[in-house]
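One file, structure-v4.pdb, is given below (PDB, C-alpha atoms).
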ATOM      1  CA  MET A 333      33.686  34.910  13.174
ATOM      2  CA  VAL A 334      30.687  37.129  13.706
ATOM      3  CA  LYS A 335      29.947  37.174   9.998
ATOM      4  CA  LYS A 336      29.872  33.383   9.787
ATOM      5  CA  GLU A 337      27.321  33.147  12.594
ATOM      6  CA  ALA A 338      25.144  35.756  10.935
ATOM      7  CA  VAL A 339      25.268  33.812   7.684
ATOM      8  CA  LYS A 340      24.248  30.615   9.489
ATOM      9  CA  THR A 341      21.162  32.233  11.032
ATOM     10  CA  ASP A 342      20.176  33.741   7.693
ATOM     11  CA  SER A 343      20.392  30.357   5.940
ATOM     12  CA  THR A 344      18.376  28.759   8.742
ATOM     13  CA  GLU A 345      15.635  31.334   8.294
ATOM     14  CA  ASP A 346      15.693  30.769   4.522
ATOM     15  CA  ASN A 347      15.348  27.013   5.027
ATOM     16  CA  SER A 348      12.348  27.406   7.320
ATOM     17  CA  VAL A 349      10.662  29.757   4.839
ATOM     18  CA  ASP A 350      11.406  27.358   1.976
ATOM     19  CA  SER A 351      10.137  24.447   4.058
ATOM     20  CA  ALA A 352       6.874  26.229   4.878
ATOM     21  CA  GLN A 353       6.414  27.164   1.228
ATOM     22  CA  ALA A 354       7.127  23.575   0.160
ATOM     23  CA  ARG A 355       4.512  22.251   2.617
ATOM     24  CA  SER A 356       1.986  24.758   1.352
ATOM     25  CA  ASN A 357       2.700  23.802  -2.264
ATOM     26  CA  PHE A 358       2.419  20.097  -1.421
ATOM     27  CA  ILE A 359      -0.948  20.518   0.315
ATOM     28  CA  THR A 360      -2.304  22.600  -2.558
ATOM     29  CA  ALA A 361      -1.086  20.094  -5.148
ATOM     30  CA  THR A 362      -2.558  17.208  -3.139
ATOM     31  CA  LYS A 363      -5.971  18.903  -2.961
ATOM     32  CA  ASP A 364      -5.850  19.576  -6.708
ATOM     33  CA  GLU A 365      -5.052  15.928  -7.481
ATOM     34  CA  LEU A 366      -7.756  14.599  -5.155
ATOM     35  CA  ALA A 367     -10.291  16.803  -6.938
ATOM     36  CA  LYS A 368      -9.443  14.967 -10.194
ATOM     37  CA  VAL A 369     -10.129  11.503  -8.745
ATOM     38  CA  VAL A 370     -13.219   9.749 -10.052
ATOM     39  CA  TRP A 371     -14.662   8.072  -6.977
ATOM     40  CA  PRO A 372     -16.723   4.886  -7.495
ATOM     41  CA  SER A 373     -20.421   4.821  -6.774
ATOM     42  CA  ARG A 374     -21.711   2.913  -3.753
ATOM     43  CA  GLN A 375     -23.086   0.119  -5.956
ATOM     44  CA  GLN A 376     -19.809  -0.204  -7.867
ATOM     45  CA  LEU A 377     -17.828  -0.263  -4.619
ATOM     46  CA  ILE A 378     -20.007  -3.015  -3.164
ATOM     47  CA  SER A 379     -19.989  -5.187  -6.289
ATOM     48  CA  GLU A 380     -16.228  -4.936  -6.755
ATOM     49  CA  SER A 381     -15.618  -5.656  -3.069
ATOM     50  CA  VAL A 382     -17.778  -8.779  -3.293
ATOM     51  CA  ALA A 383     -15.880  -9.877  -6.418
ATOM     52  CA  VAL A 384     -12.535  -9.461  -4.633
ATOM     53  CA  ILE A 385     -13.726 -11.372  -1.568
ATOM     54  CA  LEU A 386     -15.056 -14.242  -3.717
ATOM     55  CA  MET A 387     -11.787 -14.451  -5.664
ATOM     56  CA  VAL A 388      -9.776 -14.539  -2.431
ATOM     57  CA  ILE A 389     -11.962 -17.361  -1.126
ATOM     58  CA  LEU A 390     -11.643 -19.274  -4.404
ATOM     59  CA  VAL A 391      -7.868 -18.935  -4.665
ATOM     60  CA  SER A 392      -7.301 -19.789  -0.999
ATOM     61  CA  THR A 393      -9.489 -22.899  -1.377
ATOM     62  CA  VAL A 394      -7.526 -24.039  -4.431
ATOM     63  CA  ILE A 395      -4.226 -23.454  -2.624
ATOM     64  CA  TYR A 396      -5.520 -25.415   0.389
ATOM     65  CA  PHE A 397      -6.504 -28.438  -1.719
ATOM     66  CA  VAL A 398      -3.243 -28.405  -3.707
ATOM     67  CA  ASP A 399      -1.349 -28.278  -0.401
ATOM     68  CA  GLN A 400      -3.362 -31.221   0.934
ATOM     69  CA  ILE A 401      -2.698 -33.230  -2.226
ATOM     70  CA  PHE A 402       1.049 -32.583  -2.135
ATOM     71  CA  GLY A 403       1.112 -33.393   1.583
ATOM     72  CA  TRP A 404      -0.632 -36.703   0.921
ATOM     73  CA  ILE A 405       1.763 -37.497  -1.967
ATOM     74  CA  THR A 406       4.863 -36.839   0.127
ATOM     75  CA  LYS A 407       3.623 -39.194   2.878
ATOM     76  CA  GLN A 408       2.964 -42.128   0.520
ATOM     77  CA  PRO A 409       6.547 -43.527   0.359
ATOM     78  CA  PHE A 410       6.623 -43.807   4.148
ATOM     79  CA  LEU A 411       3.394 -45.777   4.368
ATOM     80  CA  PHE A 412       4.770 -48.791   2.490
ATOM     81  CA  GLY A 413       8.289 -48.697   3.935
TER
END

Since I need it in another form, could you write the structure as structure tokens?
Amino acid sequence: MVKKEAVKTDSTEDNSVDSAQARSNFITATKDELAKVVWPSRQQLISESVAVILMVILVSTVIYFVDQIFGWITKQPFLFG
């Protein structure tokens, strides 16, 4: 029984060392990948943000009007009944 307990503590120590090494490898790999990213310029970021906001406004307006039209159409049979 003593041998089994000793084996358990050894495997626990191995797991913690492997876990620390894995974290270190992950952080290093993450830093390497972030260094490869091509970040947009301030002007590009602003212009693309404005384009996204305008498209959201346009699409939401279209959806609103289509919803209003379908709502009006579904109420029509009840007006003449």

Separation of CA of Ser392 in chain A and CA of Leu411 in chain A, in Å?
28.6 Å

Tell me, in Å to one decimal, how far CA of Tyr396 in chain A is from CA of Gln408 in chain A.
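Those two atoms sit 18.7 Å apart.
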
What's the separation between CA of Val349 in chain A and CA of Ala361 in chain A, in Å to one decimal place?
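For CA of Val349 in chain A relative to CA of Ala361 in chain A, the distance reads 18.2 Å.
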
Would you mind putting back N, CA, C and O atoms on range 360-376 of chain A, then writing it out as an mmCIF file, in the frame of the given file?
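part-v3.cif was written with the following content:
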data_model
loop_
_atom_site.group_PDB
_atom_site.id
_atom_site.type_symbol
_atom_site.label_atom_id
_atom_site.label_comp_id
_atom_site.auth_asym_id
_atom_site.auth_seq_id
_atom_site.Cartn_x
_atom_site.Cartn_y
_atom_site.Cartn_z
ATOM 1 N N THR A 360 -1.498 22.090 -1.447
ATOM 2 C CA THR A 360 -2.304 22.600 -2.558
ATOM 3 C C THR A 360 -2.321 21.609 -3.717
ATOM 4 O O THR A 360 -3.383 21.325 -4.286
ATOM 5 N N ALA A 361 -1.161 21.055 -4.048
ATOM 6 C CA ALA A 361 -1.086 20.094 -5.148
ATOM 7 C C ALA A 361 -1.865 18.821 -4.811
ATOM 8 O O ALA A 361 -2.532 18.247 -5.680
ATOM 9 N N THR A 362 -1.819 18.393 -3.559
ATOM 10 C CA THR A 362 -2.558 17.208 -3.139
ATOM 11 C C THR A 362 -4.060 17.433 -3.272
ATOM 12 O O THR A 362 -4.786 16.570 -3.783
ATOM 13 N N LYS A 363 -4.544 18.580 -2.829
ATOM 14 C CA LYS A 363 -5.971 18.903 -2.961
ATOM 15 C C LYS A 363 -6.385 18.947 -4.427
ATOM 16 O O LYS A 363 -7.461 18.465 -4.786
ATOM 17 N N ASP A 364 -5.541 19.516 -5.276
ATOM 18 C CA ASP A 364 -5.850 19.576 -6.708
ATOM 19 C C ASP A 364 -5.947 18.180 -7.316
ATOM 20 O O ASP A 364 -6.835 17.903 -8.123
ATOM 21 N N GLU A 365 -5.032 17.283 -6.941
ATOM 22 C CA GLU A 365 -5.052 15.928 -7.481
ATOM 23 C C GLU A 365 -6.254 15.137 -6.975
ATOM 24 O O GLU A 365 -6.859 14.375 -7.719
ATOM 25 N N LEU A 366 -6.605 15.310 -5.697
ATOM 26 C CA LEU A 366 -7.756 14.599 -5.155
ATOM 27 C C LEU A 366 -9.059 15.070 -5.798
ATOM 28 O O LEU A 366 -10.016 14.302 -5.890
ATOM 29 N N ALA A 367 -9.096 16.306 -6.254
ATOM 30 C CA ALA A 367 -10.291 16.803 -6.938
ATOM 31 C C ALA A 367 -10.467 16.130 -8.295
ATOM 32 O O ALA A 367 -11.584 16.045 -8.808
ATOM 33 N N LYS A 368 -9.384 15.621 -8.887
ATOM 34 C CA LYS A 368 -9.443 14.967 -10.194
ATOM 35 C C LYS A 368 -9.850 13.493 -10.113
ATOM 36 O O LYS A 368 -10.171 12.883 -11.122
ATOM 37 N N VAL A 369 -9.836 12.922 -8.916
ATOM 38 C CA VAL A 369 -10.129 11.503 -8.745
ATOM 39 C C VAL A 369 -11.600 11.232 -9.036
ATOM 40 O O VAL A 369 -12.478 11.967 -8.596
ATOM 41 N N VAL A 370 -11.848 10.172 -9.791
ATOM 42 C CA VAL A 370 -13.219 9.749 -10.052
ATOM 43 C C VAL A 370 -13.546 8.662 -9.041
ATOM 44 O O VAL A 370 -13.045 7.542 -9.136
ATOM 45 N N TRP A 371 -14.342 9.002 -8.048
ATOM 46 C CA TRP A 371 -14.662 8.072 -6.977
ATOM 47 C C TRP A 371 -15.761 7.126 -7.436
ATOM 48 O O TRP A 371 -16.699 7.536 -8.110
ATOM 49 N N PRO A 372 -15.696 5.848 -7.069
ATOM 50 C CA PRO A 372 -16.723 4.886 -7.495
ATOM 51 C C PRO A 372 -18.040 5.135 -6.771
ATOM 52 O O PRO A 372 -18.059 5.656 -5.649
ATOM 53 N N SER A 373 -19.117 4.708 -7.417
ATOM 54 C CA SER A 373 -20.421 4.821 -6.774
ATOM 55 C C SER A 373 -20.527 3.751 -5.674
ATOM 56 O O SER A 373 -19.730 2.815 -5.623
ATOM 57 N N ARG A 374 -21.523 3.876 -4.840
ATOM 58 C CA ARG A 374 -21.711 2.913 -3.753
ATOM 59 C C ARG A 374 -21.954 1.514 -4.313
ATOM 60 O O ARG A 374 -21.389 0.539 -3.822
ATOM 61 N N GLN A 375 -22.781 1.424 -5.351
ATOM 62 C CA GLN A 375 -23.086 0.119 -5.956
ATOM 63 C C GLN A 375 -21.834 -0.507 -6.571
ATOM 64 O O GLN A 375 -21.585 -1.706 -6.425
ATOM 65 N N GLN A 376 -21.038 0.297 -7.253
ATOM 66 C CA GLN A 376 -19.809 -0.204 -7.867
ATOM 67 C C GLN A 376 -18.824 -0.661 -6.786
ATOM 68 O O GLN A 376 -18.178 -1.704 -6.926
#
